[in-house]
Structure formats: C-alpha cells, structure tokens
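Participant: Provided below: target38.csv, containing CSV, C-alpha atoms.
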```csv
chain,number,residue,atom,x,y,z
A,1,MET,CA,54.3,71.1,88.6
A,2,ILE,CA,52.4,67.8,88.1
A,3,TRP,CA,54.2,64.9,86.6
A,4,ARG,CA,52.3,61.9,85.4
A,5,TRP,CA,53.3,58.3,84.7
A,6,ARG,CA,53.0,56.9,81.2
A,7,THR,CA,54.7,54.2,79.2
A,8,CYS,CA,55.0,53.8,75.4
A,9,PHE,CA,57.4,51.2,74.2
A,10,ARG,CA,58.3,51.6,70.6
A,11,THR,CA,61.2,50.2,68.6
A,12,LEU,CA,63.0,50.7,65.3
A,13,PRO,CA,64.9,48.1,63.3
A,14,ARG,CA,68.2,47.5,65.2
A,15,ARG,CA,70.6,48.4,62.4
A,16,ALA,CA,68.8,51.7,61.6
A,17,ALA,CA,68.6,52.5,65.3
A,18,ALA,CA,72.3,51.9,65.8
A,19,LEU,CA,73.1,54.2,62.9
A,20,ALA,CA,70.8,56.9,64.2
A,21,LEU,CA,72.2,56.6,67.7
A,22,SER,CA,75.7,56.9,66.4
A,23,ALA,CA,74.9,60.1,64.6
A,24,LEU,CA,73.0,61.6,67.5
A,25,CYS,CA,75.8,60.9,70.0
A,26,ALA,CA,78.1,63.3,68.2
A,27,HIS,CA,76.1,66.1,69.8
A,28,ALA,CA,75.2,64.3,73.1
A,29,VAL,CA,75.1,66.0,76.5
A,30,THR,CA,74.4,64.9,80.1
A,31,VAL,CA,71.1,65.0,82.1
A,32,SER,CA,71.7,65.0,85.8
A,33,GLY,CA,69.7,65.4,89.0
A,34,GLN,CA,69.0,63.9,92.4
A,35,VAL,CA,66.3,61.8,93.9
A,36,GLU,CA,65.2,61.5,97.6
A,37,LEU,CA,62.9,58.9,99.2
A,38,THR,CA,60.2,60.2,101.7
A,39,ASN,CA,57.7,58.5,104.0
A,40,SER,CA,59.8,55.4,104.0
A,41,HIS,CA,59.7,52.5,106.5
A,42,SER,CA,63.1,51.3,105.4
A,43,PRO,CA,65.9,51.5,108.1
A,44,ALA,CA,68.5,52.1,105.3
A,45,VAL,CA,66.6,55.2,104.2
A,46,HIS,CA,66.2,56.5,107.7
A,47,LYS,CA,69.7,55.7,109.1
A,48,TYR,CA,71.9,56.0,106.0
A,49,LYS,CA,69.9,58.2,103.6
A,50,ASP,CA,70.1,55.3,101.1
A,51,TYR,CA,68.4,56.5,97.9
A,52,SER,CA,69.7,53.7,95.7
A,53,GLY,CA,67.8,51.5,93.3
A,54,VAL,CA,65.6,54.2,91.6
A,55,VAL,CA,65.5,53.7,87.8
A,56,LEU,CA,65.2,56.7,85.6
A,57,TRP,CA,65.0,56.6,81.8
A,58,LEU,CA,64.3,59.1,79.0
A,59,GLU,CA,62.2,58.2,75.9
A,60,PRO,CA,62.5,60.5,72.9
A,61,VAL,CA,59.1,62.1,72.2
A,62,ASP,CA,59.1,61.8,68.4
A,63,HIS,CA,61.0,58.6,67.8
A,64,SER,CA,62.5,55.6,69.6
A,65,ILE,CA,66.1,54.3,69.5
A,66,PRO,CA,66.8,51.1,71.4
A,67,ALA,CA,70.4,50.7,72.8
A,68,PRO,CA,72.8,48.2,71.4
A,69,PRO,CA,72.7,44.8,73.1
A,70,LYS,CA,74.2,44.7,76.6
A,71,THR,CA,75.0,42.0,79.1
A,72,VAL,CA,74.7,42.6,82.8
A,73,LYS,CA,75.5,40.2,85.7
A,74,MET,CA,73.2,39.7,88.6
A,75,LEU,CA,75.1,37.6,91.1
A,76,GLN,CA,73.5,35.1,93.5
A,77,LYS,CA,75.7,35.5,96.6
A,78,ASP,CA,75.0,34.8,100.3
A,79,LYS,CA,71.3,34.1,99.4
A,80,HIS,CA,71.0,37.6,97.8
A,81,PHE,CA,70.7,38.9,94.2
A,82,VAL,CA,73.5,41.4,93.7
A,83,PRO,CA,72.9,44.1,92.7
A,84,HIS,CA,69.3,44.2,93.9
A,85,VAL,CA,68.2,46.5,91.0
A,86,ILE,CA,69.6,46.6,87.5
A,87,ALA,CA,68.4,48.2,84.3
A,88,ILE,CA,69.1,47.0,80.7
A,89,PRO,CA,67.9,48.0,77.3
A,90,VAL,CA,65.4,45.8,75.4
A,91,GLY,CA,67.3,42.9,73.9
A,92,GLY,CA,69.8,42.9,76.8
A,93,ILE,CA,71.0,39.8,78.5
A,94,VAL,CA,71.2,39.1,82.3
A,95,GLU,CA,73.6,36.5,83.5
A,96,PHE,CA,72.8,34.9,86.9
A,97,PRO,CA,76.1,33.4,88.2
A,98,ASN,CA,75.6,31.2,91.3
A,99,LEU,CA,78.5,32.1,93.7
A,100,ASP,CA,76.9,30.2,96.7
A,101,GLU,CA,77.7,26.7,97.7
A,102,ILE,CA,74.0,25.8,97.3
A,103,TYR,CA,71.6,25.5,94.4
A,104,HIS,CA,69.5,28.4,93.1
A,105,ASN,CA,66.5,28.8,90.7
A,106,ALA,CA,65.9,32.3,89.5
A,107,PHE,CA,62.5,33.0,88.1
A,108,SER,CA,59.8,35.6,87.4
A,109,ASN,CA,56.1,35.2,86.8
A,110,PHE,CA,55.5,39.0,86.6
A,111,SER,CA,55.1,41.5,83.8
A,112,GLY,CA,58.0,42.3,81.5
A,113,GLN,CA,59.0,38.8,80.6
A,114,PRO,CA,58.3,35.6,82.6
A,115,PHE,CA,61.4,33.3,82.8
A,116,ASP,CA,62.7,30.3,84.7
A,117,THR,CA,66.4,29.4,84.8
A,118,GLY,CA,65.6,26.0,86.4
A,119,LEU,CA,67.5,24.6,89.3
A,120,TYR,CA,71.3,24.9,88.8
A,121,ARG,CA,74.3,24.0,90.8
A,122,PRO,CA,76.9,26.2,92.6
A,123,GLN,CA,79.7,27.9,90.6
A,124,THR,CA,77.6,27.7,87.4
A,125,SER,CA,75.6,30.4,85.6
A,126,GLN,CA,72.4,30.8,83.6
A,127,SER,CA,71.4,33.7,81.3
A,128,VAL,CA,68.2,35.2,80.1
A,129,THR,CA,67.6,37.6,77.1
A,130,PHE,CA,64.9,40.2,77.8
A,131,ARG,CA,63.1,41.1,74.6
A,132,HIS,CA,60.1,43.1,76.0
A,133,ALA,CA,60.1,46.4,77.9
A,134,GLY,CA,58.8,46.3,81.5
A,135,ILE,CA,59.6,45.8,85.2
A,136,VAL,CA,60.6,42.3,86.0
A,137,GLN,CA,60.4,41.1,89.6
A,138,VAL,CA,62.9,38.3,90.2
A,139,PHE,CA,62.8,35.6,92.9
A,140,CYS,CA,64.5,32.3,93.8
A,141,ASN,CA,62.2,29.2,93.8
A,142,ILE,CA,64.2,27.8,96.8
A,143,HIS,CA,64.7,30.8,99.0
A,144,SER,CA,61.6,33.0,99.6
A,145,THR,CA,63.6,35.9,100.9
A,146,MET,CA,65.6,36.4,97.7
A,147,SER,CA,64.2,39.1,95.4
A,148,ALA,CA,65.5,41.6,92.8
A,149,ILE,CA,64.3,44.0,90.1
A,150,ILE,CA,65.3,44.1,86.4
A,151,ALA,CA,64.0,47.2,84.6
A,152,VAL,CA,64.0,46.5,80.8
A,153,VAL,CA,63.8,49.9,79.1
A,154,PRO,CA,63.2,50.8,75.4
A,155,THR,CA,65.9,53.5,75.3
A,156,PRO,CA,69.7,53.9,75.6
A,157,TYR,CA,69.2,56.7,78.1
A,158,TYR,CA,68.8,55.3,81.6
A,159,VAL,CA,70.4,55.1,85.0
A,160,VAL,CA,70.0,53.4,88.4
A,161,THR,CA,70.7,55.7,91.3
A,162,PRO,CA,73.5,55.0,93.8
A,163,GLN,CA,73.1,55.5,97.6
A,164,SER,CA,73.5,59.3,97.3
A,165,GLY,CA,70.5,59.5,94.9
A,166,LYS,CA,72.6,61.6,92.5
A,167,PHE,CA,72.4,60.5,88.9
A,168,PHE,CA,73.9,61.3,85.5
A,169,ILE,CA,72.5,60.1,82.2
A,170,ALA,CA,75.3,60.6,79.7
A,171,ASN,CA,75.3,60.8,75.9
A,172,VAL,CA,71.8,62.2,75.6
A,173,PRO,CA,71.2,64.1,72.3
A,174,PRO,CA,69.5,67.5,72.8
A,175,GLY,CA,65.7,67.3,72.2
A,176,ASP,CA,62.4,66.4,73.8
A,177,TYR,CA,62.0,63.4,76.1
A,178,GLN,CA,59.5,61.8,78.4
A,179,LEU,CA,61.1,61.1,81.8
A,180,HIS,CA,60.1,57.8,83.4
A,181,ILE,CA,60.8,56.7,87.0
A,182,PHE,CA,60.5,53.4,88.8
A,183,HIS,CA,61.1,52.6,92.5
A,184,GLU,CA,60.0,49.3,93.9
A,185,ARG,CA,58.6,50.8,97.2
A,186,ALA,CA,56.6,53.5,95.4
A,187,VAL,CA,53.0,52.6,94.5
A,188,PRO,CA,52.0,53.3,90.8
A,189,ASP,CA,49.7,56.1,91.7
A,190,ASN,CA,52.5,58.0,93.4
A,191,LEU,CA,54.8,57.4,90.4
A,192,ARG,CA,52.2,58.7,88.0
A,193,PHE,CA,52.8,62.2,89.3
A,194,LEU,CA,56.5,62.0,88.6
A,195,GLU,CA,56.3,61.8,84.8
A,196,HIS,CA,57.6,64.9,83.1
A,197,ARG,CA,58.2,65.9,79.6
A,198,ILE,CA,61.6,67.6,79.4
A,199,THR,CA,63.6,69.5,76.8
A,200,VAL,CA,67.3,68.8,76.8
A,201,PRO,CA,69.2,71.9,75.6
A,202,ASP,CA,72.6,71.9,73.9
A,203,ALA,CA,74.3,72.7,77.2
A,204,GLY,CA,72.8,69.6,79.0
A,205,LEU,CA,70.2,69.7,81.8
A,206,ASP,CA,70.2,69.6,85.6
A,207,LEU,CA,66.8,68.4,86.8
A,208,PRO,CA,65.2,69.7,90.0
A,209,LEU,CA,65.1,67.4,93.0
A,210,ILE,CA,62.8,64.4,92.5
A,211,SER,CA,61.0,63.5,95.7
A,212,ILE,CA,59.6,60.0,95.7
A,213,SER,CA,57.0,59.1,98.4
A,214,GLU,CA,56.7,55.5,99.7
A,215,THR,CA,53.3,56.3,101.1
A,216,GLY,CA,50.9,53.4,100.6
A,217,TYR,CA,53.6,50.8,100.0
A,218,VAL,CA,52.9,47.4,101.7
A,219,ALA,CA,55.4,44.6,101.3
A,220,ALA,CA,53.5,41.4,100.2
A,221,PRO,CA,54.7,37.8,100.3
A,222,HIS,CA,55.1,36.1,96.9
A,223,LEU,CA,54.5,32.5,95.8
A,224,ASP,CA,56.9,30.1,94.2
A,225,LYS,CA,57.1,29.6,90.5
A,226,HIS,CA,54.3,27.1,90.7
A,227,GLY,CA,52.0,29.6,92.4
A,228,LYS,CA,52.2,27.8,95.7
A,229,PRO,CA,53.4,28.9,99.2
A,230,TYR,CA,57.1,28.2,99.9
A,231,ALA,CA,57.9,25.2,102.1
A,232,PRO,CA,58.4,26.2,105.7
A,233,SER,CA,62.0,25.1,105.7
A,234,ASP,CA,63.0,27.4,102.8
A,235,GLY,CA,66.1,25.2,102.8
A,236,SER,CA,69.5,25.3,101.1
A,237,TYR,CA,69.3,22.5,98.5
A,238,THR,CA,72.7,21.1,97.8
A,239,GLY,CA,71.7,18.5,95.2
A,240,SER,CA,72.5,15.6,97.5
A,241,ASN,CA,68.8,14.5,97.9
```
Write the structure described by the file as structure tokens, please.

Facilitator:
Amino acid sequence: MIWRWRTCFRTLPRRAAALALSALCAHAVTVSGQVELTNSHSPAVHKYKDYSGVVLWLEPVDHSIPAPPKTVKMLQKDKHFVPHVIAIPVGGIVEFPNLDEIYHNAFSNFSGQPFDTGLYRPQTSQSVTFRHAGIVQVFCNIHSTMSAIIAVVPTPYYVVTPQSGKFFIANVPPGDYQLHIFHERAVPDNLRFLEHRITVPDAGLDLPLISISETGYVAAPHLDKHGKPYAPSDGSYTGSN
C-alpha cells in the first residue's frame, strides 16, 4: 500500500461549520492506531522507544469543517518550550507563558504564520492567533537551543502522539477522509508515502501500524529572527543591561 503526502486547506464560514460539526458529532466514532519511528539517531527513540510528537489529522474528502477556537499553552521553562510539539485548529491561540527567571523572545520565520512575540520579562506571557494552516517552527531569539513545533490544522480531527505512539482521534463522523502526518525528523519525501485516504465506518476504525522512517533527516542550525547567526554567548538576558 502506497500512501502519499498532500495538503488541501479549505474552510467554511465559522458559524455554518460549527452547526455542521454539532450535527455530525451525534454519530461520531473513534479512529485509533499506533506509530513507530525507524532509522532514528535520537537516543530517546533508541533507549526509551519514545514515539511522541507525531501529528496526525483527518481532512474530510468532500467538505471542510474547522474546529471551534481553542487556546493552548506552550510554556517556556528551563530554556525549553513545553510541550515541544502541539497541534491547534486554524483560528486557535497559543499562549507563551515565561516561567523562567530570564527574558525570552519566541518567534517564527517559517511557513504557516510568521510571528514575533518580542522580548518579554519573566512571569509574563504573550499570545499568538494562528489564522493559516501549516507547520510553524518556533524558536527563541535569545537561546539558540530552544525550538518547538506548532501544527495548525484545518480540521477538528487531530492528535499528537504520546511516548507510546498510540493515538485516538475521537468524535470523528463516519465518512471518507484524507489522513495527514507530520513528524519533524521525517523528510517530506518520506512523509509523502504516508498519505492515505480512509473510510471511517459506523463502528470506528483501527488503523494499521504507521512506520515513519527518519532516513535522510539532518538537523540544521537556524538563524535568529533577523536572519543572522546567534551571538556566541547565547546568554540569559535578565533586562538589567
């Protein structure tokens, strides 16, 4: 079976979408399955079988129903974004609370939606509304080692896998869907083969094992929000200078 990667991001007026979604949910079922990661150089995958952070979403084939607005928090804690991968529907809001005792500056210059929170102090928060579907790579303009992924999806039917790789997409109305998958350490050519059109029956659906190869992935350094290399100190700005 050959699965191919495709994206088609369509929307309906939000009020009409909400009414349609409410009617469909009366007959909703669950789509479940499991992912595994192969050919990985990550110690977490080798040692702990950590298959977390894979995003899966289902787009209806003959229509598109965006989810109601949703707010998700991505913490900045111990110089990390927590969680490292989140998914939100189009129109969703991501809050970036700064729980460290140093300043942070979350930003993205990548596809999906560029944004820049600006520099902000400890124990405060900034938020961003994501109005376009896509994969947003997030960084901190002060700390080059900080990175995260926000998957903005044009559907209410999505999930981010936990460490076990087992997933459940609830409240899916029976019908035909296109399955999409994203994993940050899988190259696009490998992901193309994972697309699959599925039919969700009245009893729900348990998908076969989805094996995602990390072959060909090479971690690349990124630039700061100005397109320049990070300063060698990569310091912890406290606002005192």

Participant: Report as a list in words all protein, DNA and RNA residues lying within 6 Å of region 75-90 of chain A, evaluated on all atoms listed in the file, omitting residues in the same chain fewer than 3 positions from it.

Facilitator: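 What passes the distance filter is Gly53, Ala67, Phe96, Pro97, Asn98, Leu99, Asp100, Arg131, His132, Ala133, Met146, Ala148, Ile149, Ile150, Ala151, Val152, Val153 and Pro154 of chain A.
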
Participant: Nearest to Lys225 (chain A): which of A:Glu95, A:Phe107, A:Gln34, A:Val55 is it, counting all atoms listed in the file?

Facilitator: A:Phe107

Participant: Report, in Å to a single decimal, how far apart CA of Glu184 (chain A) and CA of Pro60 (chain A) are.

Facilitator: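 Atom-to-atom, CA of Pro60 (chain A) and CA of Glu184 (chain A) are spaced 23.9 Å apart.
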
Participant: Go through A:Val159, A:Ala231, A:Leu205, A:Val72 one by one, measure the shortest atom-to-atom distance of each to Thr129 (chain A) using all atoms listed in the file, and give the residue with the smallest value.

Facilitator: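 Ranked by minimum distance to Thr129 (chain A), first place goes to A:Val72.
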
Participant: Let me make sure I understand: among A:Phe182, A:Val29, A:Asn141, A:His104, which one has the smallest atom-to-atom distance to Gln123 (chain A) if we use only C-alpha atoms?

Facilitator: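 Closest residue, counting only C-alpha atoms: A:His104.
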
Participant: Work out how far apart CA of Phe110 (chain A) and CA of Val94 (chain A) are and give it in Å to one decimal.

Facilitator: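 Pair CA of Phe110 (chain A) / CA of Val94 (chain A) returns 16.3 Å.
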
Participant: Quick one: of A:Asn109, A:Thr124, A:Ser32, A:Thr161, who's nearest to Val136 (chain A), counting all atoms listed in the file?

Facilitator: A:Asn109

Participant: I'd like the interatomic distance between CA of Leu179 (chain A) and CA of His46 (chain A), to a tenth of an Å.

Facilitator: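 CA of His46 (chain A) lies 26.8 Å from CA of Leu179 (chain A).
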
Participant: Find the residues near Ile169 (chain A): any atom within 9 Å, counting only C-alpha atoms, skip ones fewer than 4 places away on the same chain, and give them as a VMD selection string.

Facilitator: chain A and resid 29 to 32 56 to 58 157 to 159

Participant: Check the smallest atom-to-atom distance from each of A:Phe193, A:Gln137, A:His63, A:Ile142 to Leu119 (chain A) using only C-alpha atoms, then report the winner.

Facilitator: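 For Leu119 (chain A), the nearest of the given residues is A:Ile142.
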